file entry_39.cif (mmCIF, C-alpha atoms)
data_my_file
#
loop_
_atom_site.group_PDB
_atom_site.id
_atom_site.type_symbol
_atom_site.label_atom_id
_atom_site.label_comp_id
_atom_site.auth_asym_id
_atom_site.auth_seq_id
_atom_site.Cartn_x
_atom_site.Cartn_y
_atom_site.Cartn_z
ATOM 1 C CA MET A 247 0.000 0.000 0.000
ATOM 2 C CA THR A 248 1.408 3.410 -0.937
ATOM 3 C CA GLY A 249 1.318 6.405 1.360
ATOM 4 C CA TRP A 250 -1.440 7.949 -0.726
ATOM 5 C CA SER A 251 -3.678 4.918 -0.615
ATOM 6 C CA ALA A 252 -3.113 4.577 3.126
ATOM 7 C CA LEU A 253 -3.986 8.255 3.520
ATOM 8 C CA ASP A 254 -7.084 7.801 1.369
ATOM 9 C CA ARG A 255 -8.184 4.845 3.465
ATOM 10 C CA PHE A 256 -7.727 6.867 6.651
ATOM 11 C CA LEU A 257 -9.649 9.848 5.300
ATOM 12 C CA ALA A 258 -12.563 7.786 3.988
ATOM 13 C CA THR A 259 -15.750 8.198 6.040
ATOM 14 C CA ASP A 260 -18.910 6.108 6.023
ATOM 15 C CA PRO A 261 -22.245 7.789 6.722
ATOM 16 C CA ARG A 262 -23.437 4.611 8.470
ATOM 17 C CA ASP A 263 -20.807 5.158 11.205
ATOM 18 C CA VAL A 264 -22.715 5.569 14.497
ATOM 19 C CA GLY A 265 -19.842 7.183 16.409
ATOM 20 C CA CYS A 266 -18.249 6.204 19.694
ATOM 21 C CA GLU A 267 -21.149 6.955 22.000
ATOM 22 C CA GLN A 268 -23.695 4.693 20.330
ATOM 23 C CA ALA A 269 -21.145 2.003 19.550
ATOM 24 C CA MET A 270 -20.114 1.818 23.195
ATOM 25 C CA GLU A 271 -23.746 1.908 24.314
ATOM 26 C CA ALA A 272 -24.430 -1.196 22.234
ATOM 27 C CA LEU A 273 -21.044 -2.882 22.685
ATOM 28 C CA HIS A 274 -22.135 -5.594 25.160
ATOM 29 C CA VAL A 275 -25.035 -6.596 22.909
ATOM 30 C CA TYR A 276 -22.840 -6.522 19.815
ATOM 31 C CA VAL A 277 -20.108 -8.606 21.441
ATOM 32 C CA ASP A 278 -22.535 -11.324 22.529
ATOM 33 C CA LEU A 279 -23.786 -11.461 18.947
ATOM 34 C CA VAL A 280 -20.261 -11.587 17.540
ATOM 35 C CA ALA A 281 -19.343 -14.404 19.918
ATOM 36 C CA ALA A 282 -22.309 -16.382 18.576
ATOM 37 C CA ASP A 283 -22.308 -15.342 14.908
ATOM 38 C CA PRO A 284 -20.043 -12.528 13.637
ATOM 39 C CA ASP A 285 -21.856 -12.162 10.313
ATOM 40 C CA ALA A 286 -25.218 -11.822 12.024
ATOM 41 C CA ALA A 287 -23.777 -9.150 14.315
ATOM 42 C CA ALA A 288 -22.542 -7.093 11.358
ATOM 43 C CA ARG A 289 -25.919 -7.437 9.646
ATOM 44 C CA ARG A 290 -27.865 -6.501 12.787
ATOM 45 C CA TYR A 291 -25.618 -3.536 13.654
ATOM 46 C CA PRO A 292 -23.947 -2.299 10.443
ATOM 47 C CA GLY A 293 -23.273 1.144 11.930
ATOM 48 C CA VAL A 294 -21.429 -0.386 14.867
ATOM 49 C CA TRP A 295 -19.430 -2.638 12.542
ATOM 50 C CA VAL A 296 -18.471 0.360 10.397
ATOM 51 C CA HIS A 297 -17.485 2.352 13.459
ATOM 52 C CA LEU A 298 -15.291 -0.399 14.869
ATOM 53 C CA GLU A 299 -13.486 -0.613 11.520
ATOM 54 C CA ALA A 300 -12.741 3.130 11.648
ATOM 55 C CA CYS A 301 -12.152 3.924 15.326
ATOM 56 C CA GLY A 302 -9.010 2.421 16.843
ATOM 57 C CA PRO A 303 -9.856 3.034 20.510
ATOM 58 C CA CYS A 304 -13.364 1.584 20.211
ATOM 59 C CA ALA A 305 -11.996 -1.392 18.273
ATOM 60 C CA GLU A 306 -9.513 -1.935 21.087
ATOM 61 C CA ASP A 307 -12.371 -1.978 23.599
ATOM 62 C CA PHE A 308 -14.315 -4.361 21.367
ATOM 63 C CA HIS A 309 -11.410 -6.799 21.130
ATOM 64 C CA GLY A 310 -10.861 -6.602 24.888
ATOM 65 C CA LEU A 311 -14.497 -7.330 25.640
ATOM 66 C CA LEU A 312 -14.641 -10.146 23.113
ATOM 67 C CA ALA A 313 -11.524 -11.692 24.645
ATOM 68 C CA ALA A 314 -13.067 -11.430 28.108
ATOM 69 C CA VAL A 315 -16.313 -13.035 26.981
ATOM 70 C CA THR A 316 -14.795 -15.829 24.929
ATOM 71 C CA GLY A 317 -11.864 -16.482 27.229
ATOM 72 C CA SER A 318 -9.485 -15.978 24.336
ATOM 73 C CA PRO A 319 -5.799 -16.392 25.154
ATOM 74 C CA LEU A 320 -3.819 -13.165 25.509
ATOM 75 C CA MET B 186 -22.402 10.004 10.731
ATOM 76 C CA ASP B 187 -25.585 8.235 11.775
ATOM 77 C CA THR B 188 -26.208 9.045 15.447
ATOM 78 C CA SER B 189 -29.975 8.683 15.392
ATOM 79 C CA GLY B 190 -31.863 6.260 17.567
ATOM 80 C CA ASP B 191 -31.278 3.909 20.484
ATOM 81 C CA LEU B 192 -29.467 0.969 18.915
ATOM 82 C CA ILE B 193 -30.274 -1.549 21.627
ATOM 83 C CA ALA B 194 -33.822 -0.466 22.366
ATOM 84 C CA GLY B 195 -35.209 -3.356 20.339
ATOM 85 C CA ALA B 196 -32.598 -5.912 21.299
ATOM 86 C CA THR B 197 -33.975 -9.070 22.866
ATOM 87 C CA ARG B 198 -32.471 -12.433 23.612
ATOM 88 C CA GLY B 199 -35.412 -14.722 23.101
ATOM 89 C CA GLY B 200 -37.696 -12.558 25.175
ATOM 90 C CA LYS B 201 -36.290 -13.380 28.599
ATOM 91 C CA MET B 202 -33.127 -13.044 30.609
ATOM 92 C CA ASP B 203 -30.848 -16.095 30.799
ATOM 93 C CA GLN B 204 -30.679 -17.941 34.108
ATOM 94 C CA GLU B 205 -27.137 -16.954 35.025
ATOM 95 C CA SER B 206 -27.901 -13.268 34.510
ATOM 96 C CA THR B 207 -31.070 -13.577 36.585
ATOM 97 C CA GLU B 208 -29.132 -15.238 39.385
ATOM 98 C CA TRP B 209 -26.572 -12.457 39.365
ATOM 99 C CA LEU B 210 -29.275 -9.822 39.703
ATOM 100 C CA ILE B 211 -31.075 -11.650 42.496
ATOM 101 C CA ALA B 212 -27.858 -12.125 44.456
ATOM 102 C CA LEU B 213 -26.714 -8.524 44.030
ATOM 103 C CA LYS B 214 -30.116 -7.199 45.095
ATOM 104 C CA ALA B 215 -30.296 -9.513 48.104
ATOM 105 C CA THR B 216 -29.211 -8.587 51.628
ATOM 106 C CA GLY B 217 -26.804 -10.064 54.120
ATOM 107 C CA PRO B 218 -24.383 -12.883 53.357
ATOM 108 C CA GLU B 219 -25.892 -13.655 49.950
ATOM 109 C CA ARG B 220 -25.206 -10.126 48.741
ATOM 110 C CA ASP B 221 -21.766 -10.038 50.362
ATOM 111 C CA ALA B 222 -20.830 -13.236 48.545
ATOM 112 C CA ALA B 223 -22.139 -11.841 45.256
ATOM 113 C CA LEU B 224 -20.123 -8.646 45.729
ATOM 114 C CA ASP B 225 -16.984 -10.669 46.386
ATOM 115 C CA ARG B 226 -17.622 -12.721 43.252
ATOM 116 C CA LEU B 227 -18.315 -9.599 41.225
ATOM 117 C CA HIS B 228 -15.085 -7.953 42.356
ATOM 118 C CA GLU B 229 -13.121 -11.107 41.687
ATOM 119 C CA GLN B 230 -14.434 -11.331 38.119
ATOM 120 C CA LEU B 231 -13.869 -7.638 37.411
ATOM 121 C CA LEU B 232 -10.309 -7.775 38.703
ATOM 122 C CA ARG B 233 -9.585 -10.879 36.652
ATOM 123 C CA VAL B 234 -10.828 -9.199 33.469
ATOM 124 C CA ALA B 235 -9.019 -5.941 34.297
ATOM 125 C CA LEU B 236 -5.709 -7.762 34.778
ATOM 126 C CA GLN B 237 -6.243 -9.671 31.537
ATOM 127 C CA GLU B 238 -7.071 -6.456 29.706
ATOM 128 C CA VAL B 239 -4.055 -4.439 30.892
ATOM 129 C CA ARG B 240 -1.819 -7.326 29.861
ATOM 130 C CA ARG B 241 -3.540 -7.566 26.482
ATOM 131 C CA ARG B 242 -2.829 -3.863 25.921
ATOM 132 C CA SER B 243 0.655 -3.871 27.443
ATOM 133 C CA ASP B 244 2.581 -3.963 24.165
ATOM 134 C CA ARG B 245 0.818 -0.781 23.020
ATOM 135 C CA THR B 246 1.508 1.285 26.120
ATOM 136 C CA PRO B 247 4.741 2.294 27.854
ATOM 137 C CA ILE B 248 3.180 1.383 31.203
ATOM 138 C CA ALA B 249 4.495 -1.830 32.711
ATOM 139 C CA GLY B 250 4.764 -3.989 35.801
ATOM 140 C CA PRO B 251 3.228 -2.751 39.053
ATOM 141 C CA GLU B 252 1.770 0.346 37.397
ATOM 142 C CA LEU B 253 -0.276 -1.832 35.061
ATOM 143 C CA ASP B 254 -1.467 -3.893 38.009
ATOM 144 C CA ASP B 255 -2.416 -0.672 39.830
ATOM 145 C CA ILE B 256 -4.458 0.423 36.828
ATOM 146 C CA ALA B 257 -6.200 -2.950 36.804
ATOM 147 C CA HIS B 258 -7.058 -2.764 40.504
ATOM 148 C CA GLN B 259 -8.350 0.816 40.169
ATOM 149 C CA ALA B 260 -10.354 -0.113 37.085
ATOM 150 C CA GLY B 261 -11.885 -3.095 38.849
ATOM 151 C CA ALA B 262 -12.872 -1.021 41.883
ATOM 152 C CA ASP B 263 -14.291 1.865 39.832
ATOM 153 C CA ALA B 264 -16.165 -0.481 37.520
ATOM 154 C CA MET B 265 -17.730 -2.185 40.522
ATOM 155 C CA LEU B 266 -19.044 1.121 41.876
ATOM 156 C CA ALA B 267 -20.417 2.092 38.470
ATOM 157 C CA ILE B 268 -22.091 -1.294 37.989
ATOM 158 C CA LEU B 269 -23.801 -1.204 41.385
ATOM 159 C CA ALA B 270 -25.023 2.326 40.699
ATOM 160 C CA LYS B 271 -26.477 1.249 37.345
ATOM 161 C CA LEU B 272 -27.696 -2.222 38.245
ATOM 162 C CA ASP B 273 -31.317 -1.282 37.677
ATOM 163 C CA THR B 274 -30.551 -0.200 34.116
ATOM 164 C CA PHE B 275 -29.484 -3.719 33.047
ATOM 165 C CA ARG B 276 -32.249 -4.852 30.718
ATOM 166 C CA GLY B 277 -30.978 -8.284 29.744
ATOM 167 C CA GLU B 278 -30.063 -7.419 26.142
ATOM 168 C CA SER B 279 -26.778 -9.265 26.694
ATOM 169 C CA ARG B 280 -25.466 -11.702 29.231
ATOM 170 C CA PHE B 281 -24.946 -10.003 32.590
ATOM 171 C CA THR B 282 -21.272 -10.891 32.582
ATOM 172 C CA THR B 283 -20.774 -9.256 29.169
ATOM 173 C CA TRP B 284 -22.456 -6.127 30.501
ATOM 174 C CA ILE B 285 -20.229 -5.927 33.598
ATOM 175 C CA TYR B 286 -17.070 -6.698 31.642
ATOM 176 C CA LYS B 287 -17.816 -3.717 29.406
ATOM 177 C CA PHE B 288 -17.581 -1.423 32.411
ATOM 178 C CA VAL B 289 -14.162 -2.665 33.393
ATOM 179 C CA ILE B 290 -12.801 -2.654 29.832
ATOM 180 C CA LEU B 291 -13.837 1.004 29.436
ATOM 181 C CA GLU B 292 -12.306 1.863 32.823
ATOM 182 C CA VAL B 293 -9.006 0.305 31.755
ATOM 183 C CA ALA B 294 -9.040 2.300 28.505
ATOM 184 C CA SER B 295 -9.773 5.543 30.312
ATOM 185 C CA LYS B 296 -7.090 5.023 32.944
ATOM 186 C CA ILE B 297 -4.424 4.118 30.384
ATOM 187 C CA GLY B 298 -5.374 7.274 28.469
ATOM 188 C CA ARG B 299 -4.937 9.447 31.540
ATOM 189 C CA HIS B 300 -1.653 7.776 32.384
ATOM 190 C CA TYR B 301 -0.192 8.918 29.032
ATOM 191 C CA TRP B 302 0.346 12.447 30.337
ATOM 192 C CA ARG B 303 2.584 11.360 33.213
ATOM 193 C CA ASN B 304 5.463 11.082 30.771
ATOM 194 C CA PRO B 305 4.209 12.168 27.344
ATOM 195 C CA PRO B 306 6.547 11.700 24.368
ATOM 196 C CA VAL B 307 5.007 14.797 22.752
ATOM 197 C CA SER B 308 3.064 17.797 23.984
ATOM 198 C CA LEU B 309 -0.070 19.270 22.487
ATOM 199 C CA GLN B 310 2.034 22.212 21.331
ATOM 200 C CA ASP B 311 4.296 20.034 19.186
ATOM 201 C CA GLU B 312 3.761 20.018 15.441
ATOM 202 C CA ASP B 313 6.244 17.822 13.625
ATOM 203 C CA TRP B 314 4.838 17.228 10.170
ATOM 204 C CA ASP B 315 7.822 15.092 9.234
ATOM 205 C CA ARG B 316 6.153 12.332 11.258
ATOM 206 C CA LEU B 317 3.135 12.228 8.985
ATOM 207 C CA PRO B 318 4.552 9.795 6.386
ATOM 208 C CA ASP B 319 5.261 7.305 9.170
ATOM 209 C CA ARG B 320 1.588 7.366 10.125
ATOM 210 C CA PHE B 321 0.685 6.065 6.688
ATOM 211 C CA GLY B 322 3.564 3.660 6.250
ATOM 212 C CA LEU B 323 5.222 5.664 3.502
ATOM 213 C CA ASP B 324 8.668 4.405 2.562
ATOM 214 C CA PRO B 325 11.160 7.046 3.782
ATOM 215 C CA GLY B 326 13.128 6.458 0.570
ATOM 216 C CA LEU B 327 10.311 7.928 -1.499
ATOM 217 C CA GLN B 328 11.356 11.483 -0.704
ATOM 218 C CA VAL B 329 9.465 13.178 -3.530
ATOM 219 C CA GLU B 330 6.186 11.414 -2.757
ATOM 220 C CA MET B 331 6.665 12.050 0.954
ATOM 221 C CA THR B 332 7.208 15.773 0.438
ATOM 222 C CA GLU B 333 4.210 16.024 -1.874
ATOM 223 C CA LEU B 334 1.921 14.145 0.538
ATOM 224 C CA VAL B 335 2.912 16.237 3.550
ATOM 225 C CA GLY B 336 2.567 19.453 1.574
ATOM 226 C CA ALA B 337 -0.858 18.538 0.255
ATOM 227 C CA VAL B 338 -2.222 17.539 3.651
ATOM 228 C CA ARG B 339 -0.808 20.656 5.334
ATOM 229 C CA HIS B 340 -2.397 22.772 2.645
ATOM 230 C CA ALA B 341 -5.757 21.012 3.155
ATOM 231 C CA VAL B 342 -5.520 21.467 6.912
ATOM 232 C CA THR B 343 -4.777 25.166 6.568
ATOM 233 C CA GLU B 344 -7.489 25.775 3.998
ATOM 234 C CA THR B 345 -10.352 23.721 5.389
ATOM 235 C CA LEU B 346 -10.163 23.184 9.155
ATOM 236 C CA THR B 347 -11.178 25.334 12.089
ATOM 237 C CA ASP B 348 -8.543 26.013 14.754
ATOM 238 C CA TYR B 349 -10.076 23.343 16.999
ATOM 239 C CA GLN B 350 -10.196 20.762 14.224
ATOM 240 C CA ARG B 351 -6.638 21.597 13.255
ATOM 241 C CA ARG B 352 -5.473 21.131 16.852
ATOM 242 C CA LEU B 353 -7.125 17.736 17.090
ATOM 243 C CA PHE B 354 -5.835 16.572 13.715
ATOM 244 C CA VAL B 355 -2.255 17.558 14.523
ATOM 245 C CA ALA B 356 -2.404 15.937 17.965
ATOM 246 C CA VAL B 357 -3.916 12.630 16.889
ATOM 247 C CA VAL B 358 -2.787 12.165 13.304
ATOM 248 C CA VAL B 359 0.508 14.057 13.057
ATOM 249 C CA ASN B 360 1.823 13.593 16.596
ATOM 250 C CA GLY B 361 0.182 10.235 17.280
ATOM 251 C CA VAL B 362 -1.348 11.189 20.632
ATOM 252 C CA PRO B 363 -3.748 8.369 21.603
ATOM 253 C CA LEU B 364 -7.349 9.492 21.315
ATOM 254 C CA ASP B 365 -8.120 8.470 24.910
ATOM 255 C CA ALA B 366 -5.149 10.520 26.119
ATOM 256 C CA LEU B 367 -6.574 13.530 24.322
ATOM 257 C CA VAL B 368 -9.941 12.829 25.925
ATOM 258 C CA ALA B 369 -8.303 12.948 29.349
ATOM 259 C CA GLN B 370 -6.351 16.107 28.577
ATOM 260 C CA LEU B 371 -9.190 18.107 27.043
ATOM 261 C CA GLY B 372 -11.886 16.906 29.435
ATOM 262 C CA VAL B 373 -14.299 15.953 26.666
ATOM 263 C CA ASN B 374 -15.683 12.553 25.756
ATOM 264 C CA ARG B 375 -14.311 10.223 23.105
ATOM 265 C CA ASN B 376 -17.312 10.721 20.863
ATOM 266 C CA ALA B 377 -16.809 14.502 20.700
ATOM 267 C CA ILE B 378 -13.235 14.090 19.496
ATOM 268 C CA TYR B 379 -14.133 11.272 17.099
ATOM 269 C CA LYS B 380 -16.949 13.364 15.620
ATOM 270 C CA ALA B 381 -14.613 16.335 15.131
ATOM 271 C CA LEU B 382 -11.981 14.092 13.523
ATOM 272 C CA PHE B 383 -14.660 12.495 11.346
ATOM 273 C CA ASP B 384 -15.476 15.945 10.008
ATOM 274 C CA THR B 385 -11.794 16.796 9.484
ATOM 275 C CA ARG B 386 -11.302 13.582 7.505
ATOM 276 C CA ARG B 387 -14.217 14.453 5.228
ATOM 277 C CA LYS B 388 -12.999 18.020 4.703
ATOM 278 C CA ILE B 389 -9.397 17.073 4.006
ATOM 279 C CA ARG B 390 -10.407 14.289 1.666
ATOM 280 C CA ALA B 391 -12.751 16.564 -0.259
ATOM 281 C CA PHE B 392 -9.975 19.155 -0.616
ATOM 282 C CA LEU B 393 -7.430 16.580 -1.787
ATOM 283 C CA ALA B 394 -9.913 15.124 -4.275
ATOM 284 C CA ALA B 395 -10.835 18.564 -5.588
ATOM 285 C CA ASN B 396 -7.155 19.273 -6.168
ATOM 286 C CA GLY B 397 -6.450 15.999 -7.913
ATOM 287 C CA TYR B 398 -4.462 14.233 -5.206
ATOM 288 C CA LEU B 399 -7.108 11.604 -4.483
ATOM 289 C CA PRO B 400 -9.941 10.130 -6.567
ATOM 290 C CA ASN B 401 -13.394 11.600 -6.209
ATOM 291 C CA ASP B 402 -15.414 10.008 -3.434
ATOM 292 C CA THR B 403 -19.061 9.343 -4.127
ATOM 293 C CA THR B 404 -19.936 9.070 -0.414
ATOM 294 C CA ALA B 405 -18.253 12.314 0.679
ATOM 295 C CA GLY B 406 -20.585 14.829 2.216
ATOM 296 C CA LYS B 407 -23.509 12.471 2.672
ATOM 297 C CA SER B 408 -23.258 12.046 6.425
#
call {"tool": "encode", "arguments": {"input": "entry_39.cif", "output": "structure tokens"}}
result
Amino acid sequence: MTGWSALDRFLATDPRDVGCEQAMEALHVYVDLVAADPDAAARRYPGVWVHLEACGPCAEDFHGLLAAVTGSPL
Amino acid sequence: MDTSGDLIAGATRGGKMDQESTEWLIALKATGPERDAALDRLHEQLLRVALQEVRRRSDRTPIAGPELDDIAHQAGADAMLAILAKLDTFRGESRFTTWIYKFVILEVASKIGRHYWRNPPVSLQDEDWDRLPDRFGLDPGLQVEMTELVGAVRHAVTETLTDYQRRLFVAVVVNGVPLDALVAQLGVNRNAIYKALFDTRRKIRAFLAANGYLPNDTTAGKS
């Protein structure tokens, strides 16, 4: 990936993005769905999925919660 | 950005709460030894998850050893207080344990963000644009492309952003300040900074596309 394409990817925004507040509000519900069926979770909450793809800190929280719920190794 | 509506208002899990979650609620709302035992179990689980979480994040933070353990213990204790204060708001949309783990994960994130300013590698006044290519993995050997990219982005920032947006963009994107550290320093919530950065990304991209640096984006400006 060139610097320009990486920059373009960073600058891209998706109008479905629900933002941090709503994503965190729904995170426990979303994580239980992901643990059961990741595709169903993305279909049920597309705006949360989009947000977690774009927001590093929220994605970090998501991965931490998923690890806690599934007992994933560190 | 789509911030309309309560996302979990319609969430159900088969119409009733699972048995384990129900048992947690009954025990935590009980009195005497039953409640004391539930509180001990709650604290034990929160601390376990907090310790796991600080270790999971340890390679992305300069904090180590006893300081990480301190953060975990503080996060566990603060999460417990928050959970007990909000117990009546648990509606069974998820498992109870998933709900309580969310509290402690968010406490860990917040405390690591605040800790950043104890020994920050950069200050909010710094503005080293030479770091920008690193943020996008640009090969340092591509000097011409690097110079053009930095120049174009700086031009877009100057032409399109407000002072506040510019400050946030430089802090997070140019200087690499973690977003949660900025949250702690500015005393605003994560969503406010994300929303502002979302708008800066749209503006900068539109400027770069209009000036031929990036392809036109059919979704720009729709949010």
call {"tool": "interface_residues", "arguments": {"input": "entry_39.cif", "of": "chain B", "to": "chain A", "cutoff": "6 Å", "atoms": "all atoms listed in the file", "output": "JSON list (two decimals) with C-alpha atoms, keeping the file's coordinate frame"}}
result
[["chain", "number", "residue", "atom", "x", "y", "z"],
["B", 186, "MET", "CA", -22.40, 10.00, 10.73],
["B", 187, "ASP", "CA", -25.58, 8.24, 11.78],
["B", 188, "THR", "CA", -26.21, 9.04, 15.45],
["B", 193, "ILE", "CA", -30.27, -1.55, 21.63],
["B", 241, "ARG", "CA", -3.54, -7.57, 26.48],
["B", 279, "SER", "CA", -26.78, -9.26, 26.69],
["B", 283, "THR", "CA", -20.77, -9.26, 29.17],
["B", 284, "TRP", "CA", -22.46, -6.13, 30.50],
["B", 321, "PHE", "CA", 0.68, 6.06, 6.69],
["B", 323, "LEU", "CA", 5.22, 5.66, 3.50],
["B", 376, "ASN", "CA", -17.31, 10.72, 20.86],
["B", 386, "ARG", "CA", -11.30, 13.58, 7.50],
["B", 390, "ARG", "CA", -10.41, 14.29, 1.67],
["B", 408, "SER", "CA", -23.26, 12.05, 6.42]]
call {"tool": "resolve_selection", "arguments": {"input": "entry_39.cif", "expression": "the PyMOL selection byres ((chain B and resi 319) around 12)", "output": "ChimeraX atom specification"}}
result
/A:248-250,252-253 /B:313-318,320-327,331,334-335,358-361
call {"tool": "atom_distance", "arguments": {"input": "entry_39.cif", "atom1": "atom CA of Arg233 of chain B", "atom2": "atom CA of Trp209 of chain B"}}
result
17.3 Å
call {"tool": "closest_residue", "arguments": {"input": "entry_39.cif", "among": "B:Leu192, B:Asp225, B:Gly277, B:Lys296", "to": "Pro292 of chain A", "atoms": "only C-alpha atoms"}}
result
B:Leu192
call {"tool": "atom_distance", "arguments": {"input": "entry_39.cif", "atom1": "atom CA of Ala381 of chain B", "atom2": "atom CA of Arg339 of chain B"}}
result
17.5 Å
call {"tool": "closest_residue", "arguments": {"input": "entry_39.cif", "among": "B:Leu393, B:Arg303, B:Arg351, B:Thr216", "to": "Glu333 of chain B", "atoms": "all atoms listed in the file"}}
result
B:Leu393
call {"tool": "resolve_selection", "arguments": {"input": "entry_39.cif", "expression": "the PyMOL selection byres ((chain B and resi 247) around 12)", "output": "PyMOL selection string"}}
result
chain B and resi 239-240+242-246+248-250+252-253+297-298+300-306
call {"tool": "resolve_selection", "arguments": {"input": "entry_39.cif", "expression": "the PyMOL selection byres ((chain B and resi 293) around 9)", "output": "mmCIF file with C-alpha atoms, in the coordinates of the input"}}
result
data_model
loop_
_atom_site.group_PDB
_atom_site.id
_atom_site.type_symbol
_atom_site.label_atom_id
_atom_site.label_comp_id
_atom_site.auth_asym_id
_atom_site.auth_seq_id
_atom_site.Cartn_x
_atom_site.Cartn_y
_atom_site.Cartn_z
ATOM 1 C CA ALA B 235 -9.019 -5.941 34.297
ATOM 2 C CA GLU B 238 -7.071 -6.456 29.706
ATOM 3 C CA VAL B 239 -4.055 -4.439 30.892
ATOM 4 C CA ILE B 256 -4.458 0.423 36.828
ATOM 5 C CA ALA B 257 -6.200 -2.950 36.804
ATOM 6 C CA GLN B 259 -8.350 0.816 40.169
ATOM 7 C CA ALA B 260 -10.354 -0.113 37.085
ATOM 8 C CA GLY B 261 -11.885 -3.095 38.849
ATOM 9 C CA PHE B 288 -17.581 -1.423 32.411
ATOM 10 C CA VAL B 289 -14.162 -2.665 33.393
ATOM 11 C CA ILE B 290 -12.801 -2.654 29.832
ATOM 12 C CA LEU B 291 -13.837 1.004 29.436
ATOM 13 C CA GLU B 292 -12.306 1.863 32.823
ATOM 14 C CA ALA B 294 -9.040 2.300 28.505
ATOM 15 C CA SER B 295 -9.773 5.543 30.312
ATOM 16 C CA LYS B 296 -7.090 5.023 32.944
ATOM 17 C CA ILE B 297 -4.424 4.118 30.384
ATOM 18 C CA GLY B 298 -5.374 7.274 28.469
#
call {"tool": "atom_distance", "arguments": {"input": "entry_39.cif", "atom1": "atom CA of Gln237 of chain B", "atom2": "atom CA of Leu371 of chain B"}}
result
28.3 Å
call {"tool": "build_atoms", "arguments": {"input": "entry_39.cif", "residues": "segment 295-308 of chain A", "atoms": "N, CA and C atoms", "output": "PDB file, in the coordinates of the input"}}
result
ATOM      1  N   TRP A 295     -20.524  -1.966  13.266  1.00  0.00           N
ATOM      2  CA  TRP A 295     -19.430  -2.638  12.542  1.00  0.00           C
ATOM      3  C   TRP A 295     -18.560  -1.605  11.809  1.00  0.00           C
ATOM      4  N   VAL A 296     -19.212  -0.684  11.117  1.00  0.00           N
ATOM      5  CA  VAL A 296     -18.471   0.360  10.397  1.00  0.00           C
ATOM      6  C   VAL A 296     -17.631   1.183  11.374  1.00  0.00           C
ATOM      7  N   HIS A 297     -18.226   1.531  12.491  1.00  0.00           N
ATOM      8  CA  HIS A 297     -17.485   2.352  13.459  1.00  0.00           C
ATOM      9  C   HIS A 297     -16.254   1.624  13.987  1.00  0.00           C
ATOM     10  N   LEU A 298     -16.421   0.350  14.312  1.00  0.00           N
ATOM     11  CA  LEU A 298     -15.291  -0.399  14.869  1.00  0.00           C
ATOM     12  C   LEU A 298     -14.171  -0.593  13.843  1.00  0.00           C
ATOM     13  N   GLU A 299     -14.517  -0.548  12.565  1.00  0.00           N
ATOM     14  CA  GLU A 299     -13.486  -0.613  11.520  1.00  0.00           C
ATOM     15  C   GLU A 299     -12.708   0.706  11.432  1.00  0.00           C
ATOM     16  N   ALA A 300     -13.350   1.810  11.845  1.00  0.00           N
ATOM     17  CA  ALA A 300     -12.741   3.130  11.648  1.00  0.00           C
ATOM     18  C   ALA A 300     -12.119   3.713  12.910  1.00  0.00           C
ATOM     19  N   CYS A 301     -12.582   3.293  14.068  1.00  0.00           N
ATOM     20  CA  CYS A 301     -12.152   3.924  15.326  1.00  0.00           C
ATOM     21  C   CYS A 301     -11.254   2.974  16.114  1.00  0.00           C
ATOM     22  N   GLY A 302      -9.978   3.282  16.153  1.00  0.00           N
ATOM     23  CA  GLY A 302      -9.010   2.421  16.843  1.00  0.00           C
ATOM     24  C   GLY A 302      -9.321   2.185  18.309  1.00  0.00           C
ATOM     25  N   PRO A 303      -9.595   3.246  19.080  1.00  0.00           N
ATOM     26  CA  PRO A 303      -9.856   3.034  20.510  1.00  0.00           C
ATOM     27  C   PRO A 303     -11.100   2.184  20.772  1.00  0.00           C
ATOM     28  N   CYS A 304     -12.156   2.400  20.010  1.00  0.00           N
ATOM     29  CA  CYS A 304     -13.364   1.584  20.211  1.00  0.00           C
ATOM     30  C   CYS A 304     -13.115   0.138  19.775  1.00  0.00           C
ATOM     31  N   ALA A 305     -12.336  -0.034  18.707  1.00  0.00           N
ATOM     32  CA  ALA A 305     -11.996  -1.392  18.273  1.00  0.00           C
ATOM     33  C   ALA A 305     -11.180  -2.100  19.355  1.00  0.00           C
ATOM     34  N   GLU A 306     -10.301  -1.352  19.991  1.00  0.00           N
ATOM     35  CA  GLU A 306      -9.513  -1.935  21.087  1.00  0.00           C
ATOM     36  C   GLU A 306     -10.425  -2.400  22.219  1.00  0.00           C
ATOM     37  N   ASP A 307     -11.413  -1.580  22.562  1.00  0.00           N
ATOM     38  CA  ASP A 307     -12.371  -1.978  23.599  1.00  0.00           C
ATOM     39  C   ASP A 307     -13.166  -3.206  23.160  1.00  0.00           C
ATOM     40  N   PHE A 308     -13.572  -3.218  21.906  1.00  0.00           N
ATOM     41  CA  PHE A 308     -14.315  -4.361  21.367  1.00  0.00           C
ATOM     42  C   PHE A 308     -13.495  -5.649  21.496  1.00  0.00           C
TER      43      PHE A 308
END
